[in-house]
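What's in protein19.cif: mmCIF, C-alpha atoms
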```cif
data_coords
loop_
_atom_site.group_PDB
_atom_site.id
_atom_site.type_symbol
_atom_site.label_atom_id
_atom_site.label_comp_id
_atom_site.auth_asym_id
_atom_site.auth_seq_id
_atom_site.Cartn_x
_atom_site.Cartn_y
_atom_site.Cartn_z
ATOM 1 C CA MET A 1 0.000 0.000 0.000
ATOM 2 C CA ASP A 2 1.371 3.450 -0.891
ATOM 3 C CA MET A 3 1.534 6.496 1.412
ATOM 4 C CA ARG A 4 -1.828 7.839 0.196
ATOM 5 C CA GLY A 5 -3.478 4.562 1.121
ATOM 6 C CA TRP A 6 -2.009 4.651 4.617
ATOM 7 C CA LEU A 7 -3.089 8.267 5.082
ATOM 8 C CA LEU A 8 -6.619 7.424 4.007
ATOM 9 C CA LEU A 9 -6.820 4.520 6.447
ATOM 10 C CA ALA A 10 -5.397 6.693 9.228
ATOM 11 C CA GLY A 11 -8.010 9.357 8.620
ATOM 12 C CA LEU A 12 -10.836 6.884 8.488
ATOM 13 C CA GLY A 13 -9.521 5.324 11.690
ATOM 14 C CA LEU A 14 -10.093 8.697 13.331
ATOM 15 C CA LEU A 15 -13.717 8.956 12.286
ATOM 16 C CA SER A 16 -14.909 5.458 11.440
ATOM 17 C CA GLY A 17 -16.340 3.392 14.252
ATOM 18 C CA CYS A 18 -14.372 0.333 15.354
ATOM 19 C CA GLY A 19 -11.623 1.211 12.857
ATOM 20 C CA THR A 20 -13.790 -0.242 10.081
ATOM 21 C CA PRO A 21 -12.465 0.507 6.578
ATOM 22 C CA PRO A 22 -14.942 1.908 4.041
ATOM 23 C CA THR A 23 -17.380 -0.579 2.559
ATOM 24 C CA PRO A 24 -16.843 -0.966 -1.223
ATOM 25 C CA LEU A 25 -19.517 0.989 -3.086
ATOM 26 C CA PRO A 26 -21.306 -2.001 -4.703
ATOM 27 C CA ALA A 27 -21.629 -3.710 -1.308
ATOM 28 C CA LEU A 28 -22.698 -0.448 0.327
ATOM 29 C CA ASN A 29 -25.417 0.098 -2.276
ATOM 30 C CA ALA A 30 -26.589 -3.500 -1.960
ATOM 31 C CA SER A 31 -26.859 -3.230 1.829
ATOM 32 C CA TYR A 32 -28.906 -0.027 1.448
ATOM 33 C CA GLU A 33 -31.289 -1.658 -1.027
ATOM 34 C CA ARG A 34 -31.764 -4.650 1.273
ATOM 35 C CA ALA A 35 -32.506 -2.322 4.189
ATOM 36 C CA LEU A 36 -35.083 -0.408 2.140
ATOM 37 C CA ALA A 37 -36.918 -3.625 1.337
ATOM 38 C CA ARG A 38 -36.580 -5.092 4.840
ATOM 39 C CA THR A 39 -37.887 -2.025 6.666
ATOM 40 C CA ALA A 40 -40.707 -1.126 4.260
ATOM 41 C CA PRO A 41 -43.353 -3.217 6.114
ATOM 42 C CA LEU A 42 -42.344 -1.637 9.449
ATOM 43 C CA ALA A 43 -42.243 1.992 8.313
ATOM 44 C CA VAL A 44 -44.969 4.434 9.298
ATOM 45 C CA THR A 45 -45.911 7.812 7.885
ATOM 46 C CA LEU A 46 -45.111 10.497 10.432
ATOM 47 C CA VAL A 47 -47.686 13.239 9.953
ATOM 48 C CA PRO A 48 -45.979 16.659 9.884
ATOM 49 C CA GLY A 49 -46.622 18.482 13.148
ATOM 50 C CA SER A 50 -47.858 15.358 14.948
ATOM 51 C CA ASP A 51 -46.662 14.395 18.414
ATOM 52 C CA LEU A 52 -44.915 11.330 16.978
ATOM 53 C CA GLU A 53 -43.069 13.385 14.358
ATOM 54 C CA ARG A 54 -41.893 15.922 16.936
ATOM 55 C CA ARG A 55 -40.857 13.202 19.396
ATOM 56 C CA ALA A 56 -38.935 11.248 16.735
ATOM 57 C CA PHE A 57 -36.933 14.264 15.612
ATOM 58 C CA ASP A 58 -36.429 15.563 19.153
ATOM 59 C CA ASN A 59 -34.841 12.202 19.990
ATOM 60 C CA VAL A 60 -32.633 12.259 16.896
ATOM 61 C CA GLN A 61 -31.548 15.869 17.444
ATOM 62 C CA ARG A 62 -30.798 15.271 21.131
ATOM 63 C CA TYR A 63 -28.730 12.216 20.180
ATOM 64 C CA PHE A 64 -26.545 14.126 17.714
ATOM 65 C CA ALA A 65 -26.462 17.577 19.358
ATOM 66 C CA GLY A 66 -23.642 16.825 21.785
ATOM 67 C CA MET A 67 -22.512 13.243 21.391
ATOM 68 C CA THR A 68 -20.393 11.651 24.108
ATOM 69 C CA THR A 69 -19.516 8.027 24.679
ATOM 70 C CA ALA A 70 -21.941 7.973 27.614
ATOM 71 C CA THR A 71 -24.893 9.468 25.695
ATOM 72 C CA VAL A 72 -24.323 7.113 22.771
ATOM 73 C CA ARG A 73 -24.413 4.115 25.098
ATOM 74 C CA GLU A 74 -27.491 5.438 26.923
ATOM 75 C CA GLN A 75 -29.590 6.549 23.947
ATOM 76 C CA THR A 76 -28.818 4.424 20.881
ATOM 77 C CA ALA A 77 -31.280 1.641 21.717
ATOM 78 C CA THR A 78 -34.100 4.163 22.176
ATOM 79 C CA VAL A 79 -33.264 6.194 19.035
ATOM 80 C CA TYR A 80 -32.611 3.259 16.660
ATOM 81 C CA ALA A 81 -35.116 0.430 16.244
ATOM 82 C CA PRO A 82 -34.270 -3.279 16.295
ATOM 83 C CA GLY A 83 -33.135 -4.154 12.781
ATOM 84 C CA SER A 84 -32.228 -0.536 12.012
ATOM 85 C CA TYR A 85 -29.691 0.365 9.327
ATOM 86 C CA LEU A 86 -27.061 3.137 9.201
ATOM 87 C CA ASN A 87 -25.243 4.213 6.026
ATOM 88 C CA ASP A 88 -23.006 7.262 6.428
ATOM 89 C CA THR A 89 -21.527 7.029 2.871
ATOM 90 C CA LEU A 90 -18.499 5.189 4.286
ATOM 91 C CA VAL A 91 -19.978 2.037 5.829
ATOM 92 C CA GLY A 92 -23.299 0.210 6.114
ATOM 93 C CA ILE A 93 -24.208 -1.088 9.571
ATOM 94 C CA ASP A 94 -27.138 -3.221 10.752
ATOM 95 C CA GLY A 95 -28.672 -3.144 14.232
ATOM 96 C CA PRO A 96 -28.576 -0.728 17.168
ATOM 97 C CA GLY A 97 -25.787 -2.659 18.905
ATOM 98 C CA SER A 98 -23.426 -2.224 15.972
ATOM 99 C CA ILE A 99 -24.540 1.385 15.455
ATOM 100 C CA GLU A 100 -23.800 2.091 19.131
ATOM 101 C CA ALA A 101 -20.318 0.577 18.859
ATOM 102 C CA TYR A 102 -19.618 2.544 15.675
ATOM 103 C CA PHE A 103 -20.589 5.925 17.133
ATOM 104 C CA ALA A 104 -18.932 5.220 20.497
ATOM 105 C CA HIS A 105 -15.630 4.466 18.785
ATOM 106 C CA THR A 106 -15.982 7.560 16.604
ATOM 107 C CA ILE A 107 -16.549 9.771 19.643
ATOM 108 C CA GLU A 108 -13.519 8.319 21.415
ATOM 109 C CA ARG A 109 -11.341 9.539 18.536
ATOM 110 C CA SER A 110 -12.961 12.969 18.182
ATOM 111 C CA ARG A 111 -12.785 16.006 20.436
ATOM 112 C CA LEU A 112 -16.074 17.292 19.017
ATOM 113 C CA LEU A 113 -18.843 15.760 16.924
ATOM 114 C CA LYS A 114 -22.046 17.750 16.657
ATOM 115 C CA VAL A 115 -24.854 17.627 14.112
ATOM 116 C CA GLU A 116 -27.518 20.343 13.918
ATOM 117 C CA PHE A 117 -30.662 19.646 11.900
ATOM 118 C CA LEU A 118 -31.641 22.748 9.934
ATOM 119 C CA GLU A 119 -34.851 21.738 8.142
ATOM 120 C CA ARG A 120 -36.746 18.623 7.128
ATOM 121 C CA ALA A 121 -39.385 17.459 4.671
ATOM 122 C CA PRO A 122 -41.413 14.239 4.234
ATOM 123 C CA VAL A 123 -41.609 12.045 1.131
ATOM 124 C CA GLY A 124 -43.981 9.128 1.673
ATOM 125 C CA THR A 125 -42.844 7.187 4.729
ATOM 126 C CA ASP A 126 -39.394 8.792 4.597
ATOM 127 C CA TRP A 127 -38.114 12.128 5.844
ATOM 128 C CA TYR A 128 -35.153 14.088 4.498
ATOM 129 C CA ALA A 129 -33.295 16.361 6.904
ATOM 130 C CA ARG A 130 -30.634 18.934 5.977
ATOM 131 C CA TRP A 131 -27.902 19.285 8.579
ATOM 132 C CA ARG A 132 -24.654 20.983 9.545
ATOM 133 C CA MET A 133 -21.939 18.807 11.116
ATOM 134 C CA THR A 134 -18.978 20.100 13.115
ATOM 135 C CA VAL A 135 -16.094 17.707 13.755
ATOM 136 C CA ALA A 136 -12.777 18.275 15.523
ATOM 137 C CA ALA A 137 -10.163 15.535 15.830
ATOM 138 C CA ASP A 138 -6.403 15.373 16.102
ATOM 139 C CA GLY A 139 -4.896 14.847 12.658
ATOM 140 C CA LEU A 140 -7.879 16.351 10.863
ATOM 141 C CA ASN A 141 -7.521 19.909 9.513
ATOM 142 C CA GLY A 142 -4.679 20.573 11.943
ATOM 143 C CA GLY A 143 -7.018 19.896 14.856
ATOM 144 C CA GLN A 144 -9.313 22.789 13.916
ATOM 145 C CA PRO A 145 -13.082 22.146 13.576
ATOM 146 C CA VAL A 146 -14.362 21.122 10.151
ATOM 147 C CA VAL A 147 -17.903 22.151 9.187
ATOM 148 C CA THR A 148 -19.745 20.291 6.441
ATOM 149 C CA TYR A 149 -23.337 20.052 5.262
ATOM 150 C CA GLY A 150 -25.400 17.083 4.163
ATOM 151 C CA VAL A 151 -28.824 15.470 3.993
ATOM 152 C CA THR A 152 -30.082 12.328 5.726
ATOM 153 C CA GLN A 153 -32.941 10.049 4.756
ATOM 154 C CA PHE A 154 -34.774 8.834 7.855
ATOM 155 C CA ARG A 155 -37.396 6.102 8.058
ATOM 156 C CA PHE A 156 -39.207 5.534 11.372
ATOM 157 C CA ASP A 157 -41.230 2.792 13.040
ATOM 158 C CA ALA A 158 -44.505 3.169 14.951
ATOM 159 C CA GLN A 159 -42.608 4.129 18.132
ATOM 160 C CA GLY A 160 -40.728 6.917 16.359
ATOM 161 C CA ARG A 161 -37.452 4.983 16.311
ATOM 162 C CA VAL A 162 -35.113 5.155 13.318
ATOM 163 C CA LEU A 163 -35.341 2.234 10.890
ATOM 164 C CA ILE A 164 -33.111 3.739 8.186
ATOM 165 C CA HIS A 165 -30.473 6.443 8.505
ATOM 166 C CA LYS A 166 -28.876 7.078 5.078
ATOM 167 C CA ASP A 167 -26.549 10.062 4.746
ATOM 168 C CA PHE A 168 -25.973 11.942 1.511
ATOM 169 C CA TRP A 169 -22.704 13.707 2.254
ATOM 170 C CA ASP A 170 -19.581 14.851 0.401
ATOM 171 C CA ALA A 171 -16.888 12.833 2.181
ATOM 172 C CA GLY A 172 -14.304 14.357 -0.169
ATOM 173 C CA SER A 173 -14.598 17.860 1.265
ATOM 174 C CA GLY A 174 -15.813 16.747 4.701
ATOM 175 C CA LEU A 175 -13.041 14.246 5.403
ATOM 176 C CA TYR A 176 -10.462 13.422 2.736
ATOM 177 C CA GLU A 177 -9.453 17.012 1.893
ATOM 178 C CA GLN A 178 -8.806 17.667 5.588
ATOM 179 C CA LEU A 179 -6.169 14.920 5.943
ATOM 180 C CA PRO A 180 -2.468 15.774 5.734
ATOM 181 C CA GLY A 181 -0.975 14.711 2.405
ATOM 182 C CA LEU A 182 -4.126 13.116 1.057
ATOM 183 C CA GLY A 183 -5.917 16.469 1.168
ATOM 184 C CA ARG A 184 -3.542 17.850 -1.466
ATOM 185 C CA VAL A 185 -4.230 14.878 -3.736
ATOM 186 C CA VAL A 186 -8.015 15.223 -3.395
ATOM 187 C CA GLY A 187 -7.768 18.988 -3.912
ATOM 188 C CA TRP A 188 -5.712 18.449 -7.074
ATOM 189 C CA VAL A 189 -8.262 15.961 -8.445
ATOM 190 C CA ARG A 190 -11.156 18.304 -7.630
ATOM 191 C CA ALA A 191 -9.393 21.236 -9.313
ATOM 192 C CA ALA A 192 -8.653 19.146 -12.411
ATOM 193 C CA VAL A 193 -12.290 18.035 -12.689
ATOM 194 C CA GLU A 194 -13.545 21.600 -12.275
ATOM 195 C CA ALA A 195 -11.065 22.900 -14.889
ATOM 196 C CA SER A 196 -12.170 20.199 -17.321
ATOM 197 C CA ALA A 197 -15.822 21.071 -16.767
ATOM 198 C CA ARG A 198 -15.122 24.771 -17.381
ATOM 199 C CA SER A 199 -13.202 24.115 -20.596
ATOM 200 C CA GLY A 200 -15.984 21.831 -21.826
ATOM 201 C CA SER A 201 -18.647 24.478 -21.240
ATOM 202 C CA GLU A 202 -16.610 27.071 -23.136
ATOM 203 C CA GLN A 203 -16.487 24.981 -26.310
#
```
Just dump the structure as structure tokens.
Amino acid sequence: MDMRGWLLLAGLGLLSGCGTPPTPLPALNASYERALARTAPLAVTLVPGSDLERRAFDNVQRYFAGMTTATVREQTATVYAPGSYLNDTLVGIDGPGSIEAYFAHTIERSRLLKVEFLERAPVGTDWYARWRMTVAADGLNGGQPVVTYGVTQFRFDAQGRVLIHKDFWDAGSGLYEQLPGLGRVVGWVRAAVEASARSGSEQ
């Protein structure tokens, strides 16, 4: 493995639970599709403004607002349903026990991990929430906080617990570009793609 590969694994070790390397994209997509099918019979439509909708999102926001190892261990089983699925664009994880271990390990390697939900909208039984995430960890962006934005698809059960948590997030700018060495490589690739797009539009 070359130096870029080691840097990537080091960075993911900072933020990925249990030191798990990224799931290859075909396997990640397949796990997501299986979770969609598996949870469909359990999903309920949360009526906007209902008590259940407010309670479900209050629980999710409280969980991510100021994560610590203790709060993750205390709250995961009440926020995530049995058989729940998490896909953060890096890995796909099944079950609240594994989700708890993943987040607990992530928190242990971060000095700050906070997600603020900015707005949300329903589509059928699913909800899509736009968020702002702030992360600070040694070895990431020189230890300074990194702020990124993304969207999460949530699917809930009749108790307001999360069945599916699927992030749509730019890991390139949110993680890879903040790593020493690898960040320059990702920045160079991004600049080359943008330059190619500009030259193509000028023709």
Reference answer for the PyMOL selection byres ((chain A and resi 53) around 12), as a ChimeraX atom specification:
/A:44-52,54-60,120-122,125-127,154-162
Take the selection from the previous step and output its residues with C-alpha atoms, as a compact mmCIF listing (two decimals), keeping the file's coordinate frame.
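Output below, filename result-v2.txt:
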```
# COMPACT_ATOMS: atom_id res chain seq x y z
CA VAL A 44 -44.97 4.43 9.30
CA THR A 45 -45.91 7.81 7.88
CA LEU A 46 -45.11 10.50 10.43
CA VAL A 47 -47.69 13.24 9.95
CA PRO A 48 -45.98 16.66 9.88
CA GLY A 49 -46.62 18.48 13.15
CA SER A 50 -47.86 15.36 14.95
CA ASP A 51 -46.66 14.40 18.41
CA LEU A 52 -44.92 11.33 16.98
CA ARG A 54 -41.89 15.92 16.94
CA ARG A 55 -40.86 13.20 19.40
CA ALA A 56 -38.94 11.25 16.74
CA PHE A 57 -36.93 14.26 15.61
CA ASP A 58 -36.43 15.56 19.15
CA ASN A 59 -34.84 12.20 19.99
CA VAL A 60 -32.63 12.26 16.90
CA ARG A 120 -36.75 18.62 7.13
CA ALA A 121 -39.38 17.46 4.67
CA PRO A 122 -41.41 14.24 4.23
CA THR A 125 -42.84 7.19 4.73
CA ASP A 126 -39.39 8.79 4.60
CA TRP A 127 -38.11 12.13 5.84
CA PHE A 154 -34.77 8.83 7.86
CA ARG A 155 -37.40 6.10 8.06
CA PHE A 156 -39.21 5.53 11.37
CA ASP A 157 -41.23 2.79 13.04
CA ALA A 158 -44.50 3.17 14.95
CA GLN A 159 -42.61 4.13 18.13
CA GLY A 160 -40.73 6.92 16.36
CA ARG A 161 -37.45 4.98 16.31
CA VAL A 162 -35.11 5.16 13.32
```
Can you tell me, as a PDB file with C-alpha atoms, in the frame of the given file, what residues are no more than 10 Å from Asn29 (chain A) when counting only C-alpha atoms, ignoring any on the same chain fewer than 3 positions away?
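What follows is the written file result-v4.pdb:
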```pdb
ATOM      1  CA  THR A  23     -17.380  -0.579   2.559  1.00  0.00           C
ATOM      2  CA  PRO A  24     -16.843  -0.966  -1.223  1.00  0.00           C
ATOM      3  CA  LEU A  25     -19.517   0.989  -3.086  1.00  0.00           C
ATOM      4  CA  PRO A  26     -21.306  -2.001  -4.703  1.00  0.00           C
ATOM      5  CA  TYR A  32     -28.906  -0.027   1.448  1.00  0.00           C
ATOM      6  CA  GLU A  33     -31.289  -1.658  -1.027  1.00  0.00           C
ATOM      7  CA  ARG A  34     -31.764  -4.650   1.273  1.00  0.00           C
ATOM      8  CA  ALA A  35     -32.506  -2.322   4.189  1.00  0.00           C
ATOM      9  CA  ASN A  87     -25.243   4.213   6.026  1.00  0.00           C
ATOM     10  CA  THR A  89     -21.527   7.029   2.871  1.00  0.00           C
ATOM     11  CA  VAL A  91     -19.978   2.037   5.829  1.00  0.00           C
ATOM     12  CA  GLY A  92     -23.299   0.210   6.114  1.00  0.00           C
TER      13      GLY A  92
END
```
Show me, as a list in words, the residues that have an atom within 10 Å of Val147 (chain A) when counting only C-alpha atoms, minus same-chain residues fewer than 3 positions from it.
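Selected residues are Lys114, Val115, Arg132, Met133, Thr134, Val135, Ala136, Gln144, Ser173 and Gly174 of chain A.
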Give me the residues near Gln75 (chain A) as number ranges by chain, where near means some atom within 12 Å (using only C-alpha atoms) and where sequence neighbours in that chain fewer than 6 positions away do not count.
A: 59-64, 67-69, 81, 96-97, 99-100, 103-104, 161
Report, in Å to a single decimal, how far apart CA of Val72 (chain A) and CA of Ser98 (chain A) are.
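About the pair CA of Ser98 (chain A) and CA of Val72 (chain A): they are 11.6 Å apart.
Candidate residues A:Ala101, A:Leu36, A:Ala27, A:Ala65 were compared for distance to Trp131 (chain A), and the nearest is A:Ala65, using all atoms listed in the file.
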May I have the residues within 8 Å of Arg111 (chain A) as a PyMOL selection string, using all atoms listed in the file and disregarding those fewer than 2 positions away in the same chain?
chain A and resi 107-109+113+135-138
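Residues in contact with Ala37 (chain A) at 12 Å, where only C-alpha atoms are counted and same-chain residues fewer than 6 positions away are skipped, are listed as Ala30, Ser31, Ala43, Tyr85, Arg155, Leu163 and Ile164 of chain A.
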Axis-aligned box for all listed atoms of region 147-162 of chain A, 3 Å per side, centre and edges in Å to one decimal, as JSON:
```
{"center_x": -31.2, "center_y": 12.5, "center_z": 11.1, "size_x": 32.6, "size_y": 25.4, "size_z": 20.1}
```
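The space separating CA of Asp94 (chain A) from CA of Leu42 (chain A) comes to 15.3 Å.
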Rounded to one decimal, what separation in Å do you get between CA of Lys166 (chain A) and CA of Tyr128 (chain A)?
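Between CA of Lys166 (chain A) and CA of Tyr128 (chain A) the gap works out to 9.4 Å.
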From the options A:Val123, A:Trp169, A:Ala70, A:Pro41, which residue's atoms come nearest to His105 (chain A), counting only C-alpha atoms?
A:Ala70
Nearest to Gly83 (chain A): which of A:His165, A:Thr152, A:Glu116, A:Thr106 is it, counting all atoms listed in the file?
A:His165
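In terms of minimum interatomic distance to Thr76 (chain A), A:Gly95 ranks closest within A:Gly95, A:Leu90, A:Asp167, A:Asn141, counting all atoms listed in the file.
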With all atoms listed in the file as the atoms that count, which of A:Val79, A:Leu86, A:Leu112, A:Leu140 lies nearest to Phe168 (chain A)?
A:Leu86
